[in-house]
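Below: the structure, in structure tokens.
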Amino acid sequence: MSVAANIKRVKDALPVNVSLVAVSKFHAVETLREAYDAGQRIFGESRAQELKVKHQALPNDIEWHFIGQLQSNKVKDIAPFISMIHSIDSLKLLEEVNKQAAKNGRVINVLLEIHVAKEETKTGLSPDECKAMLATDNYKNLSHIRICGLMAMASFTDNTSLIQKEFSEVRQLFSELKESFFAVDDSFSVISMGMSSDYELAIAEGSTMVRVGSSIFGGRS
């Protein structure tokens, strides 16, 4: 199937309250343009340099999301235009995003990455680390970031019960944080979880944003 047909198929299966991030990392600009021409406007990238090139080459109404592990020294490269950073995994990184956002006169939307998967290779804050960070004065003084919700990846496994359990843990944490820290903040509304292999399970457990790559673009270029 074509990229356009794949996007239509995925979008037709999504509830109205769930948004689609087309994970376009490692795919050519021409392939992204096919998706753009099919109406897709949110794209996810994981390398700052590749993202900068694509940002310059494609229309300026695209909403670029950074979904990979982000090094502090790369924040300055994407701060002028990034729409959302999904992978905030430390106060240090959050402070750097705030610093670079201030330099650009912006408030940058971010998601806190939560580590619930059983693989140690996956990054993110534990639920306890997340709560502790939100309780600090250092976080409270950051005026150029907007925490919009949580991001998580489930374990890479065929065990659907485990995947559902991990997604459910993230949903429960989101509800707890909403009540404790963001009760009057309407922007805290995003649960980014679910990829090509498990986004249907993620939606069933409360995901409001899915990150789909191979089901749209096929294998990496």
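By convention in this document, the chains of the structure tokens carry letters A, B, ... by their order, each chain's residues are numbered from 1, and ligands are numbered from 1 in the order they are shown.
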
With a cut-off of 12 Å, could you pull out the residues of stretch 120-170 of chain A touching stretch 45-69 of chain A and give me the nearest pair of atoms for each, distance in Å to one decimal, using only C-alpha atoms, ordered by chain and ascending number, as CSV?
```
residue,atom,partner,partner_atom,distance
A:Thr121,CA,A:Gln69,CA,11.4
A:Lys122,CA,A:Gln69,CA,9.6
A:Thr123,CA,A:Gln69,CA,7.8
A:Gly124,CA,A:Gln69,CA,9.2
A:Leu150,CA,A:Ile67,CA,11.9
A:Met151,CA,A:Ile67,CA,9.1
A:Ala152,CA,A:Ile67,CA,10.4
A:Met153,CA,A:Ile67,CA,10.9
```

TODO: Check the DSSP output for the backbone and give back, as a PyMOL selection string, the residues of chain A in strand (DSSP E or B).
DONE: chain A and resi 19-23+42-45+63-66+84-88+108-114+125+145-152+190-193+209-212

How about saving the chosen residues, N, CA and C atoms kept, as a compact mmCIF listing (two decimals), in the first residue's frame?
```
# COMPACT_ATOMS: atom_id res chain seq x y z
N SER A 19 -4.52 11.53 18.63
CA SER A 19 -3.77 12.14 17.53
C SER A 19 -2.65 11.21 17.07
N LEU A 20 -2.24 11.38 15.82
CA LEU A 20 -1.25 10.51 15.19
C LEU A 20 0.05 11.27 14.96
N VAL A 21 1.14 10.77 15.53
CA VAL A 21 2.48 11.23 15.19
C VAL A 21 3.06 10.24 14.20
N ALA A 22 3.31 10.69 12.98
CA ALA A 22 3.93 9.82 11.97
C ALA A 22 5.43 9.80 12.22
N VAL A 23 5.95 8.65 12.64
CA VAL A 23 7.36 8.55 13.00
C VAL A 23 8.18 8.43 11.72
N ILE A 42 1.69 16.06 11.69
CA ILE A 42 2.54 15.85 12.87
C ILE A 42 3.54 14.74 12.54
N PHE A 43 4.83 15.07 12.65
CA PHE A 43 5.89 14.10 12.35
C PHE A 43 6.84 13.98 13.54
N GLY A 44 7.34 12.76 13.76
CA GLY A 44 8.23 12.49 14.87
C GLY A 44 9.62 12.11 14.41
N GLU A 45 10.62 12.80 14.94
CA GLU A 45 12.02 12.54 14.61
C GLU A 45 12.83 12.30 15.88
N GLU A 63 4.00 20.20 12.34
CA GLU A 63 4.25 20.18 13.79
C GLU A 63 5.29 19.09 14.05
N TRP A 64 6.50 19.52 14.38
CA TRP A 64 7.60 18.58 14.59
C TRP A 64 7.67 18.15 16.05
N HIS A 65 7.71 16.83 16.27
CA HIS A 65 7.85 16.28 17.61
C HIS A 65 9.19 15.55 17.71
N PHE A 66 9.92 15.80 18.79
CA PHE A 66 11.17 15.05 19.02
C PHE A 66 10.84 13.89 19.94
N MET A 84 6.93 19.85 20.14
CA MET A 84 6.84 19.10 21.39
C MET A 84 8.03 18.16 21.51
N ILE A 85 8.57 18.04 22.72
CA ILE A 85 9.63 17.09 23.03
C ILE A 85 9.02 16.01 23.92
N HIS A 86 9.06 14.76 23.46
CA HIS A 86 8.42 13.66 24.18
C HIS A 86 9.30 13.03 25.25
N SER A 87 10.59 13.30 25.22
CA SER A 87 11.54 12.44 25.94
C SER A 87 12.28 13.15 27.07
N ILE A 88 11.57 13.91 27.89
CA ILE A 88 12.20 14.55 29.04
C ILE A 88 12.38 13.51 30.14
N ILE A 108 8.13 25.96 25.26
CA ILE A 108 8.17 24.68 24.53
C ILE A 108 7.34 23.63 25.27
N ASN A 109 6.48 22.95 24.53
CA ASN A 109 5.68 21.86 25.08
C ASN A 109 6.54 20.61 25.23
N VAL A 110 6.40 19.94 26.39
CA VAL A 110 7.19 18.74 26.64
C VAL A 110 6.31 17.66 27.28
N LEU A 111 6.78 16.43 27.15
CA LEU A 111 6.20 15.29 27.84
C LEU A 111 7.27 14.66 28.72
N LEU A 112 6.88 14.17 29.87
CA LEU A 112 7.81 13.47 30.76
C LEU A 112 7.83 12.00 30.36
N GLU A 113 9.02 11.49 30.07
CA GLU A 113 9.14 10.08 29.68
C GLU A 113 9.18 9.20 30.93
N ILE A 114 8.28 8.24 30.98
CA ILE A 114 8.16 7.35 32.14
C ILE A 114 8.68 5.96 31.77
N LEU A 125 11.99 8.45 33.48
CA LEU A 125 11.85 8.64 34.91
C LEU A 125 11.00 7.51 35.50
N ILE A 145 8.81 26.31 29.75
CA ILE A 145 8.39 24.95 29.35
C ILE A 145 6.95 24.76 29.80
N ARG A 146 6.25 23.90 29.08
CA ARG A 146 4.88 23.55 29.45
C ARG A 146 4.78 22.03 29.44
N ILE A 147 4.58 21.45 30.61
CA ILE A 147 4.44 19.99 30.67
C ILE A 147 3.02 19.62 30.27
N CYS A 148 2.90 18.89 29.17
CA CYS A 148 1.60 18.57 28.59
C CYS A 148 1.14 17.15 28.89
N GLY A 149 1.99 16.34 29.53
CA GLY A 149 1.59 14.98 29.82
C GLY A 149 2.77 14.04 29.92
N LEU A 150 2.51 12.78 29.61
CA LEU A 150 3.49 11.71 29.77
C LEU A 150 3.71 10.96 28.46
N MET A 151 4.90 10.40 28.34
CA MET A 151 5.22 9.48 27.23
C MET A 151 5.80 8.21 27.81
N ALA A 152 5.50 7.09 27.18
CA ALA A 152 6.07 5.82 27.63
C ALA A 152 6.11 4.82 26.49
N VAL A 190 -2.02 14.99 27.67
CA VAL A 190 -1.50 14.06 26.66
C VAL A 190 -0.92 12.82 27.31
N ILE A 191 -1.31 11.67 26.80
CA ILE A 191 -0.65 10.40 27.14
C ILE A 191 -0.15 9.82 25.82
N SER A 192 1.15 9.95 25.58
CA SER A 192 1.75 9.49 24.34
C SER A 192 2.29 8.07 24.54
N MET A 193 1.54 7.09 24.08
CA MET A 193 2.02 5.71 24.17
C MET A 193 1.33 4.89 23.09
N MET A 209 -2.29 9.89 22.20
CA MET A 209 -1.37 10.18 21.09
C MET A 209 -0.56 8.93 20.80
N VAL A 210 -0.56 8.49 19.54
CA VAL A 210 0.20 7.30 19.16
C VAL A 210 1.30 7.69 18.19
N ARG A 211 2.42 6.95 18.27
CA ARG A 211 3.60 7.23 17.45
C ARG A 211 3.80 6.05 16.51
N VAL A 212 3.40 6.22 15.26
CA VAL A 212 3.35 5.10 14.31
C VAL A 212 4.31 5.36 13.16
```

Need the shell around A:Asp198: protein/DNA/RNA residues with any atom at most 9 Å away, counting only C-alpha atoms. Skip same-chain ones fewer than 6 positions apart. Format as a ChimeraX atom specification? /A:154,160,163

Got time to write the residues from that selection, N, CA and C atoms, as a CSV table (one decimal), in the first residue's frame?
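Final output, saved to out_34.csv:
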```csv
chain,number,residue,atom,x,y,z
A,154,ALA,N,6.2,0.6,26.0
A,154,ALA,CA,6.0,-0.7,26.7
A,154,ALA,C,7.1,-1.7,26.3
A,160,THR,N,0.8,-9.7,25.6
A,160,THR,CA,-0.1,-8.6,25.6
A,160,THR,C,-0.6,-8.2,27.0
A,163,ILE,N,2.1,-5.9,28.3
A,163,ILE,CA,2.0,-4.5,27.6
A,163,ILE,C,0.8,-3.8,28.2
```

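For the atom pair formed by atom CA of A:Val184 and atom CA of A:Ser207, the distance is 20.7 Å, given to one decimal.
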
Point to revise | Residue nearest A:Arg171 among A:Leu14, A:Ala117, A:Leu142, A:Ala204 (counting only C-alpha atoms) | key: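 When distances to A:Arg171 are compared using only C-alpha atoms, the smallest one comes from A:Ala204.
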
A straight line from atom CA of A:Asn17 to atom CA of A:Thr208 spans 6.2 Å

Please provide the set of residues having any atom within 9 Å of stretch 138-140 of chain A, restricted to only C-alpha atoms, with same-chain residues fewer than 3 positions apart removed, written as a count of residues only. 7
